[in-house]
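Below is the file target-v3.txt, which contains compact mmCIF, C-alpha atoms and all ligand atoms.
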# COMPACT_ATOMS: atom_id res chain seq x y z
CA MET A 345 -131.76 34.70 -80.73
CA ALA A 346 -130.45 32.56 -77.84
CA LYS A 347 -128.18 29.66 -78.84
CA PRO A 348 -129.82 26.25 -78.23
CA VAL A 349 -128.41 24.44 -75.19
CA SER A 350 -127.74 20.72 -74.93
CA ILE A 351 -130.20 18.63 -72.93
CA GLN A 352 -130.87 15.08 -71.80
CA VAL A 353 -134.52 14.00 -72.03
CA TRP A 354 -136.34 11.65 -69.65
CA ASN A 355 -139.83 10.28 -70.36
CA PRO A 356 -140.21 12.03 -73.74
CA SER A 357 -143.97 11.42 -73.94
CA GLY A 358 -144.73 12.98 -70.54
CA LYS A 359 -147.61 15.47 -70.52
CA TYR A 360 -145.90 18.21 -68.46
CA ARG A 361 -142.60 19.69 -69.56
CA VAL A 362 -140.21 20.28 -66.65
CA VAL A 363 -136.71 21.70 -67.15
CA SER A 364 -133.79 21.36 -64.74
CA THR A 365 -130.98 23.79 -65.50
CA LYS A 366 -128.44 21.34 -64.00
CA SER A 367 -127.99 17.66 -63.38
CA MET A 368 -128.62 17.05 -59.65
CA PRO A 369 -127.48 14.22 -57.32
CA GLY A 370 -129.54 11.05 -56.93
CA THR A 371 -132.29 9.57 -59.07
CA ARG A 372 -135.34 9.77 -56.81
CA TRP A 373 -136.14 13.30 -57.99
CA ILE A 374 -136.07 12.08 -61.61
CA ARG A 375 -138.33 9.13 -60.78
CA LEU A 376 -140.80 11.30 -58.90
CA LEU A 377 -141.21 13.56 -61.93
CA THR A 378 -141.26 10.92 -64.65
CA ASP A 379 -143.65 8.62 -62.71
CA ASN A 380 -146.03 11.57 -62.58
CA ASP A 381 -146.32 12.21 -66.30
CA CYS A 382 -143.54 14.78 -66.58
CA ARG A 383 -141.18 14.99 -69.53
CA LEU A 384 -137.96 16.04 -67.85
CA GLU A 385 -135.24 17.92 -69.72
CA ILE A 386 -131.92 18.28 -67.90
CA CYS A 387 -129.46 20.82 -69.25
CA THR A 388 -126.10 19.18 -69.99
CA GLU A 389 -124.12 22.29 -71.04
CA HIS A 390 -120.59 22.20 -69.69
CA LYS A 391 -120.44 25.81 -68.50
CA THR A 392 -121.00 26.15 -64.74
CA ILE A 393 -123.12 29.30 -64.67
CA LEU A 394 -125.91 29.58 -67.22
CA SER A 395 -126.79 33.03 -68.58
CA VAL A 396 -130.32 34.42 -68.78
CA ASP A 397 -130.17 33.77 -72.55
CA ASP A 398 -129.23 30.12 -71.98
CA ILE A 399 -132.20 29.71 -69.64
CA LEU A 400 -134.55 31.48 -72.07
CA ALA A 401 -133.52 28.90 -74.66
CA LEU A 402 -134.22 26.10 -72.17
CA ILE A 403 -137.69 27.46 -71.32
CA GLY A 404 -138.62 27.69 -75.00
CA ASP A 405 -142.29 28.20 -75.93
CA ARG A 406 -143.82 25.52 -73.72
CA CYS A 407 -142.65 24.79 -70.19
CA ASP A 408 -144.67 23.95 -67.07
CA GLY A 409 -141.95 24.44 -64.47
CA VAL A 410 -138.22 24.90 -63.92
CA ILE A 411 -135.76 23.68 -61.29
CA GLY A 412 -132.84 26.11 -61.15
CA GLN A 413 -129.71 27.01 -59.22
CA LEU A 414 -128.57 29.78 -56.90
CA THR A 415 -126.00 30.92 -59.48
CA GLU A 416 -128.78 32.00 -61.87
CA ASP A 417 -130.39 35.40 -62.13
CA TRP A 418 -134.15 34.80 -61.89
CA GLY A 419 -135.93 38.09 -62.53
CA ASP A 420 -138.64 39.56 -64.70
CA VAL A 421 -137.09 38.42 -68.00
CA LEU A 422 -137.15 34.75 -67.03
CA PHE A 423 -140.42 34.81 -65.10
CA SER A 424 -142.31 36.53 -67.93
CA ALA A 425 -140.81 34.03 -70.41
CA LEU A 426 -141.88 31.15 -68.15
CA LYS A 427 -145.37 32.59 -67.87
CA ARG A 428 -145.64 32.99 -71.69
CA ALA A 429 -144.55 29.34 -72.01
CA GLY A 430 -147.47 28.32 -69.74
CA GLY A 431 -145.29 27.78 -66.65
CA THR A 432 -146.42 28.47 -63.09
CA VAL A 433 -143.51 27.38 -60.90
CA PHE A 434 -139.77 27.77 -60.38
CA SER A 435 -137.84 26.07 -57.59
CA ASN A 436 -134.33 26.99 -56.50
CA MET A 437 -132.28 23.96 -55.47
CA ALA A 438 -131.26 25.91 -52.36
CA VAL A 439 -132.81 27.34 -49.23
CA GLY A 440 -131.42 30.83 -49.94
CA TYR A 441 -133.20 32.62 -52.76
CA ASN A 442 -131.48 36.00 -52.95
CA ASN A 443 -130.88 35.20 -56.66
CA VAL A 444 -134.65 35.36 -57.19
CA ASP A 445 -136.68 38.54 -57.63
CA VAL A 446 -139.77 37.38 -55.75
CA GLU A 447 -141.70 40.56 -56.63
CA ALA A 448 -141.18 39.80 -60.32
CA ALA A 449 -142.35 36.22 -59.73
CA ASN A 450 -145.46 37.52 -57.95
CA ARG A 451 -146.26 39.86 -60.86
CA ASN A 452 -146.08 36.88 -63.21
CA GLY A 453 -148.01 34.55 -60.88
CA ILE A 454 -145.04 32.16 -60.59
CA ALA A 455 -144.66 30.10 -57.39
CA ILE A 456 -141.11 30.11 -55.96
CA GLY A 457 -139.88 26.97 -54.23
CA ASN A 458 -136.83 26.50 -52.02
CA THR A 459 -135.31 23.63 -49.99
CA PRO A 460 -135.27 24.36 -46.23
CA GLY A 461 -134.42 21.92 -43.45
CA VAL A 462 -132.70 19.16 -45.41
CA LEU A 463 -129.45 21.14 -45.40
CA THR A 464 -129.55 22.56 -41.88
CA GLU A 465 -127.22 20.10 -40.14
CA THR A 466 -124.88 19.65 -43.13
CA THR A 467 -124.38 23.41 -43.45
CA ALA A 468 -123.94 23.84 -39.70
CA GLU A 469 -121.34 21.04 -39.70
CA LEU A 470 -119.32 22.87 -42.36
CA ALA A 471 -119.52 26.11 -40.38
CA ALA A 472 -118.28 24.17 -37.34
CA SER A 473 -115.47 22.68 -39.47
CA LEU A 474 -114.43 26.13 -40.64
CA SER A 475 -114.50 27.38 -37.04
CA LEU A 476 -112.13 24.59 -35.97
CA ALA A 477 -109.92 24.83 -39.04
CA ALA A 478 -109.48 28.59 -38.52
CA ALA A 479 -109.10 28.43 -34.71
CA ARG A 480 -106.55 25.61 -34.85
CA ARG A 481 -104.82 26.72 -38.09
CA ILE A 482 -105.40 23.35 -39.75
CA VAL A 483 -104.88 24.49 -43.35
CA GLU A 484 -101.71 26.45 -42.63
CA ALA A 485 -100.30 23.47 -40.72
CA ASP A 486 -101.26 21.04 -43.51
CA GLN A 487 -99.49 23.22 -46.09
CA PHE A 488 -96.42 23.40 -43.83
CA MET A 489 -96.28 19.59 -43.59
CA ARG A 490 -96.68 19.09 -47.32
CA ALA A 491 -93.97 21.66 -48.01
CA GLY A 492 -91.55 19.46 -46.02
CA LEU A 493 -90.98 22.20 -43.43
CA TYR A 494 -91.66 20.16 -40.30
CA ASP A 495 -88.41 19.34 -38.54
CA GLY A 496 -89.71 18.60 -35.04
CA TRP A 497 -92.13 19.59 -32.26
CA LEU A 498 -91.77 23.16 -31.04
CA PRO A 499 -93.55 25.01 -28.21
CA HIS A 500 -94.65 27.84 -30.53
CA LEU A 501 -95.54 25.82 -33.62
CA PHE A 502 -99.02 26.72 -34.97
CA VAL A 503 -100.41 27.82 -31.65
CA GLY A 504 -104.12 28.60 -32.08
CA ASN A 505 -107.23 29.22 -29.96
CA LEU A 506 -108.85 26.92 -27.41
CA LEU A 507 -112.65 26.92 -27.81
CA LYS A 508 -113.73 25.39 -24.48
CA GLY A 509 -115.12 28.01 -22.13
CA GLN A 510 -114.97 30.77 -24.78
CA THR A 511 -117.97 32.53 -26.28
CA VAL A 512 -119.54 31.62 -29.60
CA GLY A 513 -121.47 34.40 -31.31
CA VAL A 514 -124.18 33.67 -33.84
CA ILE A 515 -125.70 36.31 -36.08
CA GLY A 516 -128.92 34.93 -37.58
CA ALA A 517 -130.06 32.20 -35.18
CA GLY A 518 -132.55 30.57 -37.54
CA ARG A 519 -132.44 26.90 -38.56
CA ILE A 520 -128.74 26.76 -39.49
CA GLY A 521 -127.49 29.33 -36.96
CA SER A 522 -129.23 27.46 -34.13
CA ALA A 523 -127.91 24.06 -35.28
CA TYR A 524 -124.39 25.51 -35.45
CA ALA A 525 -124.76 27.05 -31.99
CA ARG A 526 -125.85 23.71 -30.51
CA MET A 527 -122.83 21.95 -32.07
CA MET A 528 -120.37 24.47 -30.66
CA ILE A 529 -122.02 24.56 -27.24
CA GLU A 530 -122.45 20.82 -26.79
CA GLY A 531 -119.24 19.87 -28.57
CA PHE A 532 -116.90 22.46 -27.07
CA LYS A 533 -118.78 23.76 -24.03
CA MET A 534 -118.81 27.32 -25.31
CA ASN A 535 -121.11 30.04 -23.99
CA LEU A 536 -123.55 31.62 -26.44
CA ILE A 537 -124.32 35.17 -27.43
CA TYR A 538 -126.64 35.63 -30.41
CA TYR A 539 -128.35 38.34 -32.39
CA ASP A 540 -131.49 37.80 -34.43
CA LEU A 541 -134.61 39.81 -35.15
CA TYR A 542 -136.58 37.07 -33.36
CA GLN A 543 -136.05 35.27 -30.09
CA ALA A 544 -134.54 31.77 -30.54
CA THR A 545 -136.51 30.21 -27.68
CA ARG A 546 -135.72 26.57 -28.48
CA LEU A 547 -132.02 27.36 -28.63
CA GLU A 548 -132.15 29.25 -25.35
CA ASN A 549 -133.97 26.33 -23.70
CA PHE A 550 -131.37 23.91 -25.03
CA VAL A 551 -128.47 25.91 -23.58
CA THR A 552 -130.25 26.29 -20.23
CA ALA A 553 -130.91 22.55 -20.01
CA TYR A 554 -127.37 21.66 -21.09
CA GLY A 555 -125.96 24.12 -18.55
CA GLN A 556 -128.01 22.45 -15.80
CA PHE A 557 -126.77 19.04 -16.93
CA LEU A 558 -123.14 20.18 -16.78
CA LYS A 559 -123.65 21.75 -13.36
CA ALA A 560 -125.28 18.58 -12.02
CA ASN A 561 -122.17 16.74 -13.16
CA GLY A 562 -119.80 19.08 -11.39
CA GLU A 563 -118.78 21.03 -14.51
CA GLU A 564 -118.91 24.74 -15.27
CA PRO A 565 -122.36 25.40 -16.81
CA VAL A 566 -122.66 26.99 -20.27
CA THR A 567 -124.68 30.20 -20.56
CA TRP A 568 -126.65 32.11 -23.21
CA LYS A 569 -127.38 35.74 -23.92
CA ARG A 570 -129.62 37.33 -26.54
CA ALA A 571 -127.78 40.49 -27.59
CA ALA A 572 -129.66 43.75 -28.03
CA THR A 573 -127.38 44.74 -30.90
CA MET A 574 -125.15 43.00 -33.40
CA GLU A 575 -122.26 45.06 -32.04
CA ASP A 576 -122.62 43.36 -28.64
CA VAL A 577 -122.02 39.99 -30.32
CA LEU A 578 -119.02 41.29 -32.26
CA ARG A 579 -117.43 42.83 -29.15
CA GLU A 580 -117.97 39.84 -26.84
CA ALA A 581 -117.59 36.67 -28.91
CA ASP A 582 -114.39 34.75 -29.59
CA VAL A 583 -115.84 32.83 -32.54
CA ILE A 584 -118.59 34.45 -34.64
CA SER A 585 -120.58 32.66 -37.31
CA LEU A 586 -122.89 34.44 -39.75
CA HIS A 587 -126.16 32.72 -40.70
CA PRO A 588 -128.71 35.37 -41.70
CA VAL A 589 -130.55 35.55 -45.01
CA LEU A 590 -128.98 37.97 -47.50
CA ASP A 591 -131.18 41.01 -47.99
CA LYS A 592 -130.92 44.80 -47.74
CA THR A 593 -130.59 44.58 -43.93
CA THR A 594 -127.66 42.14 -44.00
CA TYR A 595 -125.69 43.40 -47.05
CA HIS A 596 -122.17 44.32 -45.77
CA LEU A 597 -123.31 43.59 -42.25
CA ILE A 598 -119.60 43.07 -41.51
CA ASN A 599 -117.96 46.37 -42.52
CA PRO A 600 -114.75 48.19 -41.46
CA GLU A 601 -116.39 49.74 -38.39
CA ARG A 602 -117.71 46.40 -37.15
CA LEU A 603 -114.46 44.57 -37.89
CA ALA A 604 -112.70 47.18 -35.76
CA ILE A 605 -114.73 46.32 -32.64
CA MET A 606 -114.07 42.58 -32.84
CA LYS A 607 -111.41 40.94 -30.68
CA LYS A 608 -107.96 40.94 -32.31
CA GLU A 609 -107.80 37.13 -32.05
CA ALA A 610 -111.41 36.42 -32.99
CA VAL A 611 -112.48 33.82 -35.54
CA LEU A 612 -115.12 34.89 -38.09
CA VAL A 613 -117.00 32.30 -40.14
CA ASN A 614 -119.34 32.88 -43.07
CA ALA A 615 -121.41 30.08 -44.59
CA SER A 616 -124.40 32.30 -45.41
CA ARG A 617 -123.89 34.54 -48.46
CA GLY A 618 -120.73 36.38 -49.53
CA PRO A 619 -122.11 39.94 -49.63
CA VAL A 620 -122.93 39.76 -45.91
CA ILE A 621 -119.22 40.68 -45.51
CA ASP A 622 -117.48 43.65 -47.13
CA GLU A 623 -114.75 41.34 -48.44
CA ALA A 624 -112.29 44.06 -49.50
CA ALA A 625 -112.46 45.48 -45.97
CA LEU A 626 -111.99 41.98 -44.57
CA VAL A 627 -108.77 41.51 -46.59
CA GLU A 628 -107.39 44.76 -45.12
CA HIS A 629 -108.38 43.63 -41.63
CA LEU A 630 -106.70 40.24 -42.10
CA LYS A 631 -103.50 41.98 -43.24
CA ALA A 632 -103.47 44.32 -40.26
CA ASN A 633 -104.41 41.62 -37.70
CA PRO A 634 -102.52 38.38 -38.34
CA MET A 635 -104.09 36.69 -35.29
CA PHE A 636 -107.63 37.37 -36.56
CA ARG A 637 -108.80 34.38 -38.57
CA VAL A 638 -111.66 33.66 -40.96
CA GLY A 639 -113.32 30.59 -42.42
CA LEU A 640 -115.23 31.39 -45.60
CA ASP A 641 -117.53 29.18 -47.65
CA VAL A 642 -119.04 32.06 -49.63
CA PHE A 643 -117.60 35.13 -51.36
CA GLU A 644 -118.85 38.54 -52.35
CA ASP A 645 -118.28 38.09 -56.11
CA GLU A 646 -118.56 34.33 -56.43
CA PRO A 647 -116.79 32.49 -57.97
CA TYR A 648 -114.05 35.12 -57.48
CA MET A 649 -112.24 36.19 -54.33
CA LYS A 650 -111.39 39.84 -53.69
CA PRO A 651 -107.73 40.66 -54.50
CA GLY A 652 -105.37 39.62 -51.71
CA LEU A 653 -107.67 37.12 -49.98
CA ALA A 654 -106.00 34.06 -51.51
CA ASP A 655 -102.63 35.21 -50.09
CA MET A 656 -103.85 35.47 -46.51
CA LYS A 657 -102.59 32.64 -44.30
CA ASN A 658 -105.20 33.59 -41.67
CA ALA A 659 -108.06 32.75 -44.05
CA VAL A 660 -109.48 29.28 -44.72
CA VAL A 661 -111.46 29.31 -47.96
CA VAL A 662 -113.68 26.62 -49.51
CA PRO A 663 -115.89 26.82 -52.63
CA HIS A 664 -119.51 27.13 -51.34
CA ILE A 665 -119.71 23.49 -50.23
CA ALA A 666 -121.58 23.89 -46.94
CA SER A 667 -124.57 21.78 -48.04
CA ALA A 668 -122.43 19.27 -49.92
CA SER A 669 -123.22 15.93 -48.30
CA LYS A 670 -124.72 13.17 -50.47
CA TRP A 671 -127.91 12.80 -48.40
CA THR A 672 -128.48 16.54 -48.30
CA ARG A 673 -127.86 17.21 -51.98
CA GLU A 674 -130.15 14.31 -52.97
CA GLY A 675 -132.76 15.68 -50.57
CA MET A 676 -132.43 19.19 -52.02
CA ALA A 677 -133.01 17.72 -55.49
CA THR A 678 -136.08 15.87 -54.21
CA LEU A 679 -137.57 18.92 -52.49
CA SER A 680 -137.05 21.15 -55.52
CA ALA A 681 -138.59 18.54 -57.86
CA LEU A 682 -141.57 18.11 -55.49
CA ASN A 683 -142.12 21.88 -55.33
CA VAL A 684 -142.42 21.92 -59.12
CA LEU A 685 -144.47 18.72 -59.34
CA GLY A 686 -146.82 19.78 -56.53
CA LYS A 687 -147.61 23.10 -58.20
CA ILE A 688 -148.16 21.46 -61.59
CA LYS A 689 -150.55 18.94 -59.99
CA GLY A 690 -152.41 21.68 -58.12
CA TYR A 691 -151.41 20.41 -54.66
CA PRO A 692 -151.53 22.77 -51.67
CA VAL A 693 -148.41 24.06 -49.92
CA TRP A 694 -147.02 22.10 -46.94
CA GLY A 695 -147.88 23.95 -43.74
CA ASN A 696 -144.47 23.82 -42.07
CA PRO A 697 -141.33 24.28 -44.19
CA ASN A 698 -139.23 23.48 -41.09
CA GLN A 699 -140.53 19.88 -41.11
CA VAL A 700 -139.87 18.46 -44.55
CA GLU A 701 -138.86 14.92 -43.43
CA PRO A 702 -142.04 13.27 -44.81
CA PHE A 703 -140.90 14.24 -48.33
CA LEU A 704 -137.48 12.67 -47.84
CA GLN A 705 -138.36 9.08 -46.92
CA GLU A 706 -136.71 7.12 -49.73
CA ASN A 707 -139.30 4.34 -50.07
CA LEU A 708 -142.49 6.22 -49.22
CA THR A 709 -144.80 8.18 -51.48
CA PRO A 710 -144.35 11.83 -50.54
CA PRO A 711 -147.35 13.81 -49.23
CA PRO A 712 -149.46 15.47 -51.95
CA ALA A 713 -148.11 18.97 -51.25
CA CYS A 714 -145.41 21.40 -52.35
CA PRO A 715 -142.76 21.18 -49.58
CA SER A 716 -141.84 24.89 -49.52
CA ILE A 717 -143.19 27.78 -51.60
CA VAL A 718 -141.89 31.13 -50.33
CA ASN A 719 -144.51 33.34 -52.00
CA ALA A 720 -147.53 31.07 -51.39
CA LYS A 721 -149.49 33.83 -49.62
CA GLN A 722 -148.68 36.52 -52.18
CA ILE A 723 -149.95 34.45 -55.11
CA GLY A 724 -152.84 32.93 -53.16
CA LEU A 725 -151.85 29.25 -52.92
CA PRO A 726 -153.74 27.19 -50.32
CA SER A 727 -152.00 25.56 -47.35
CA ALA A 728 -152.13 21.78 -46.77
CA LYS A 729 -154.07 20.59 -43.70
CA LEU A 730 -151.51 18.69 -41.61
N1 LIG B 1 -123.17 28.19 -47.77
C1 LIG B 1 -124.16 27.38 -48.11
O1 LIG B 1 -123.98 26.42 -48.85
C2 LIG B 1 -125.50 27.61 -47.55
C3 LIG B 1 -125.92 28.88 -47.23
N2 LIG B 1 -127.17 29.09 -46.73
C4 LIG B 1 -127.57 30.46 -46.38
O2 LIG B 1 -128.00 30.46 -45.02
C5 LIG B 1 -129.15 31.26 -44.90
C6 LIG B 1 -129.94 30.87 -43.67
O3 LIG B 1 -130.60 29.63 -43.85
P1 LIG B 1 -131.62 29.07 -42.75
O4 LIG B 1 -130.97 29.04 -41.43
O5 LIG B 1 -132.22 27.83 -43.29
O6 LIG B 1 -132.70 30.24 -42.77
P2 LIG B 1 -133.60 30.78 -41.58
O7 LIG B 1 -134.63 31.63 -42.25
O8 LIG B 1 -134.03 29.67 -40.71
O9 LIG B 1 -132.61 31.71 -40.73
C7 LIG B 1 -132.23 32.99 -41.11
C8 LIG B 1 -132.25 33.85 -39.86
O10 LIG B 1 -131.72 35.13 -40.18
C9 LIG B 1 -132.42 36.06 -39.38
N3 LIG B 1 -132.24 37.41 -39.89
C10 LIG B 1 -132.84 38.00 -40.94
N4 LIG B 1 -132.42 39.27 -41.05
C11 LIG B 1 -131.54 39.48 -40.04
C12 LIG B 1 -130.79 40.59 -39.61
N5 LIG B 1 -130.86 41.76 -40.24
N6 LIG B 1 -129.99 40.45 -38.55
C13 LIG B 1 -129.92 39.27 -37.89
N7 LIG B 1 -130.63 38.17 -38.24
C14 LIG B 1 -131.42 38.29 -39.30
C15 LIG B 1 -133.86 35.57 -39.44
O11 LIG B 1 -134.66 36.14 -38.42
C16 LIG B 1 -133.67 34.07 -39.30
O12 LIG B 1 -133.73 33.65 -37.96
C17 LIG B 1 -129.88 31.06 -46.24
O13 LIG B 1 -130.74 32.13 -46.54
C18 LIG B 1 -128.74 30.94 -47.23
O14 LIG B 1 -128.44 32.21 -47.79
C19 LIG B 1 -128.03 28.05 -46.52
C20 LIG B 1 -127.67 26.77 -46.83
C21 LIG B 1 -126.37 26.44 -47.37
O1 LIG B 2 -129.11 26.29 -50.01
C1 LIG B 2 -128.41 27.30 -50.12
O2 LIG B 2 -128.85 28.45 -49.88
C2 LIG B 2 -127.03 27.17 -50.57
O3 LIG B 2 -126.27 28.09 -50.51
C3 LIG B 2 -126.55 25.88 -51.08
O4 LIG B 2 -126.96 24.84 -50.36

Can you present the structure in this file as structure tokens?
Ligand SMILES: NC(=O)C1=CN([C@@H]2O[C@H](COP(=O)(O)OP(=O)(O)OC[C@H]3O[C@@H](n4cnc5c(N)ncnc54)[C@H](O)[C@@H]3O)[C@@H](O)[C@H]2O)C=CC1
Ligand SMILES: O=C(O)C(=O)CO
Amino acid sequence: MAKPVSIQVWNPSGKYRVVSTKSMPGTRWIRLLTDNDCRLEICTEHKTILSVDDILALIGDRCDGVIGQLTEDWGDVLFSALKRAGGTVFSNMAVGYNNVDVEAANRNGIAIGNTPGVLTETTAELAASLSLAAARRIVEADQFMRAGLYDGWLPHLFVGNLLKGQTVGVIGAGRIGSAYARMMIEGFKMNLIYYDLYQATRLENFVTAYGQFLKANGEEPVTWKRAATMEDVLREADVISLHPVLDKTTYHLINPERLAIMKKEAVLVNASRGPVIDEAALVEHLKANPMFRVGLDVFEDEPYMKPGLADMKNAVVVPHIASASKWTREGMATLSALNVLGKIKGYPVWGNPNQVEPFLQENLTPPPACPSIVNAKQIGLPSAKL
């Protein structure tokens, strides 16, 4: 028998029972649910990561939908419990949903929501911050100052890498990868090489146009190249940022063989998912190549780091905060609540998950649609007419 978990209840007399496994930023998401006849129960347990048993206790015997987190293991056990409780929808408060077994959700007829778009720029900005922090050794230099070690300017002190004119490599040039590429190209006039399963036409057009602008102003134009293989990116780029989804094709995409072909002074950034890098191999590579630097937002065994990583001066590490801006986190809460509400109300699915702005206008009633349901086709949900 699962232990009961503590909850906070909003709108106790609401007709539909919605559970959120965590408190989320902002209040709009709460208002949207409670104004639409939902009784909202927010889990207030102090532990960070809820177990499957904790979530089973939250679902109970009647639950219409759940908003959950990327730290939770959503598979057959939870989806069949949700189905038995009368539920039809689960939304991750995240764009990535590698914590969700979508096949199991399909078998149980549960719609799976996620939160694309609202976090694109925020996440790209953090990847850009990690690129700069690693290239210019910001964290090492900060620690040096605080330790009282600075006794005057020196020609060799914390010499790092200049970005201007170098090549930025992007693996996974989707929403976030493309936004990151634009920041690095426009901000630092870097050339682009990218690898993705699909052509990033808008990104290519942007680089072409920006290159023409620079040339017209007497500056060296920036260039782009779509690589035929991931290895081409790893060999050529000076700064490489990883932005693919995590699935079977991207698990340990960065492995010892691929680390070995990268430049000795390259910067590698990961703000996608930890298991995209073989982290134990990365630690060995960092030890053997002190001029190789990494900026990591995500880790293979989150919340833990592989042994040795914390000791590496050539690694900048932050705790999975890439989407952590106030506007974005409030927007993620809103989108996940609207996914759940929309399914409960029988609304269709928004036709373009890359354009979720209409759901995010603070003072406007959101469109009657679920912003983003990843298995809409598989479980036969209709699409909204835009
Ligand atoms: N660190 C953080 O806080 C955050 C992490 N993320 C992660 O970033 C990922 C990407 O998010 P979006 O850009 O919104 O998704 P997206 O779907 O727009 O982009 C993912 C790209 O990866 C590409 N891809 C898939 N398999 C590939 C492969 N084998 N090789 C190369 N490219 C491949 C896809 O074609 C697509 O263009 C999410 O799935 C999530 O895991 C997202 C937001 C915040
Ligand atoms: O959205 C995601 O996938 C995250 O990792 C957190 O924003």

**Request:** Determine, counting all atoms listed in the file, which protein, DNA and RNA residues have an atom within 7 Å of an atom of segment 650-663 of chain A; residues of the same chain fewer than 6 positions away are not included. Present the result as a PyMOL selection string.
**Result:** chain A and resi 478+483-484+623-624+627+630+634+636-642

**Message:** Using only C-alpha atoms, list the residues that have an atom at most 12 Å from (-118.8, 36.4, -31.1), coordinates as in the file, as a ChimeraX atom specification.
**Reply:** /A:475,507,510-515,525,534-539,568-571,573-586,602-603,605-613

Would you pick out the contacts of Leu376 of chain A at 10 Å or less, using only C-alpha atoms, so that residues sharing its chain but fewer than 6 positions from it are not included, and give the list as a PDB file with C-alpha atoms, in the frame of the given file?
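Dumped everything to out.pdb:
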ATOM      1  CA  CYS A 382    -143.540  14.780 -66.580  1.00  0.00           C
ATOM      2  CA  THR A 678    -136.080  15.870 -54.210  1.00  0.00           C
ATOM      3  CA  ALA A 681    -138.590  18.540 -57.860  1.00  0.00           C
ATOM      4  CA  LEU A 682    -141.570  18.110 -55.490  1.00  0.00           C
ATOM      5  CA  LEU A 685    -144.470  18.720 -59.340  1.00  0.00           C
ATOM      6  CA  THR A 709    -144.800   8.180 -51.480  1.00  0.00           C
ATOM      7  CA  PRO A 710    -144.350  11.830 -50.540  1.00  0.00           C
TER       8      PRO A 710
END

**Item:** Who sits within 7 Å of segment 404-414 of chain A, only C-alpha atoms, same chain under 3 positions skipped, as a ChimeraX atom specification
**Value:** /A:360-365,400-401,426,429-438,441,443,680-681,684,688

Could you put an axis-aligned box around every listed atom of ligand LIG 2 (chain B), padded by 4 Å on each side, and send me its centre and edge lengths in Å to one decimal, as AutoDock Vina command-line options?
--center_x -127.7 --center_y 26.6 --center_z -50.5 --size_x 10.8 --size_y 11.6 --size_z 9.2

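Distance annotation: of A:Asn355, A:Asn458, A:Asn549, A:Asn707, the residue with the minimal separation from ligand LIG 2 (chain B) is A:Asn458; atom set is only C-alpha atoms and all ligand atoms.
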
**Interatomic distance, atom CA of Gly518 of chain A to atom CA of Glu644 of chain A (Å, one decimal)** = 21.7 Å

Find the residues near ligand LIG 1 (chain B). Use a cut-off of 8 Å, count all atoms listed in the file, and write them as a tab-separated table (two decimals) with C-alpha atoms, keeping the file's coordinate frame.
chain	number	residue	atom	x	y	z
A	438	ALA	CA	-131.26	25.91	-52.36
A	439	VAL	CA	-132.81	27.34	-49.23
A	440	GLY	CA	-131.42	30.83	-49.94
A	441	TYR	CA	-133.20	32.62	-52.76
A	442	ASN	CA	-131.48	36.00	-52.95
A	460	PRO	CA	-135.27	24.36	-46.23
A	461	GLY	CA	-134.42	21.92	-43.45
A	463	LEU	CA	-129.45	21.14	-45.40
A	464	THR	CA	-129.55	22.56	-41.88
A	467	THR	CA	-124.38	23.41	-43.45
A	515	ILE	CA	-125.70	36.31	-36.08
A	516	GLY	CA	-128.92	34.93	-37.58
A	517	ALA	CA	-130.06	32.20	-35.18
A	518	GLY	CA	-132.55	30.57	-37.54
A	519	ARG	CA	-132.44	26.90	-38.56
A	520	ILE	CA	-128.74	26.76	-39.49
A	521	GLY	CA	-127.49	29.33	-36.96
A	522	SER	CA	-129.23	27.46	-34.13
A	539	TYR	CA	-128.35	38.34	-32.39
A	540	ASP	CA	-131.49	37.80	-34.43
A	541	LEU	CA	-134.61	39.81	-35.15
A	542	TYR	CA	-136.58	37.07	-33.36
A	544	ALA	CA	-134.54	31.77	-30.54
A	574	MET	CA	-125.15	43.00	-33.40
A	587	HIS	CA	-126.16	32.72	-40.70
A	588	PRO	CA	-128.71	35.37	-41.70
A	589	VAL	CA	-130.55	35.55	-45.01
A	590	LEU	CA	-128.98	37.97	-47.50
A	591	ASP	CA	-131.18	41.01	-47.99
A	593	THR	CA	-130.59	44.58	-43.93
A	594	THR	CA	-127.66	42.14	-44.00
A	614	ASN	CA	-119.34	32.88	-43.07
A	615	ALA	CA	-121.41	30.08	-44.59
A	616	SER	CA	-124.40	32.30	-45.41
A	617	ARG	CA	-123.89	34.54	-48.46
A	641	ASP	CA	-117.53	29.18	-47.65
A	642	VAL	CA	-119.04	32.06	-49.63
A	664	HIS	CA	-119.51	27.13	-51.34
A	665	ILE	CA	-119.71	23.49	-50.23
A	666	ALA	CA	-121.58	23.89	-46.94
A	667	SER	CA	-124.57	21.78	-48.04
A	668	ALA	CA	-122.43	19.27	-49.92

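If only C-alpha atoms and all ligand atoms are the atoms counted, then among A:Arg673, A:Arg490, A:Lys631, A:Lys729 the closest residue to ligand LIG 2 (chain B) is A:Arg673.
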
**Prompt:** Got a sec: who's within 8 Å of segment 712-721 of chain A, counting only C-alpha atoms, leaving out chain neighbours fewer than 3 positions off, as an NGL selection string?
**Reply:** :A and (446 or 450 or 455-460 or 679 or 682-687 or 691-694 or 696-697 or 700 or 703 or 724-726 or 728)

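Using all atoms listed in the file, the contacts of Ile621 of chain A at a cut-off of 8 Å, with sequence neighbours closer than 4 positions omitted, comprise Tyr595, His596, Leu597, Ile598, Asn599, Leu626 and Glu644 of chain A.
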
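Distance annotation: of A:Tyr494, A:Tyr648, A:Phe643, A:Tyr554, the residue with the minimal separation from ligand LIG 2 (chain B) is A:Phe643; atom set is all atoms listed in the file.
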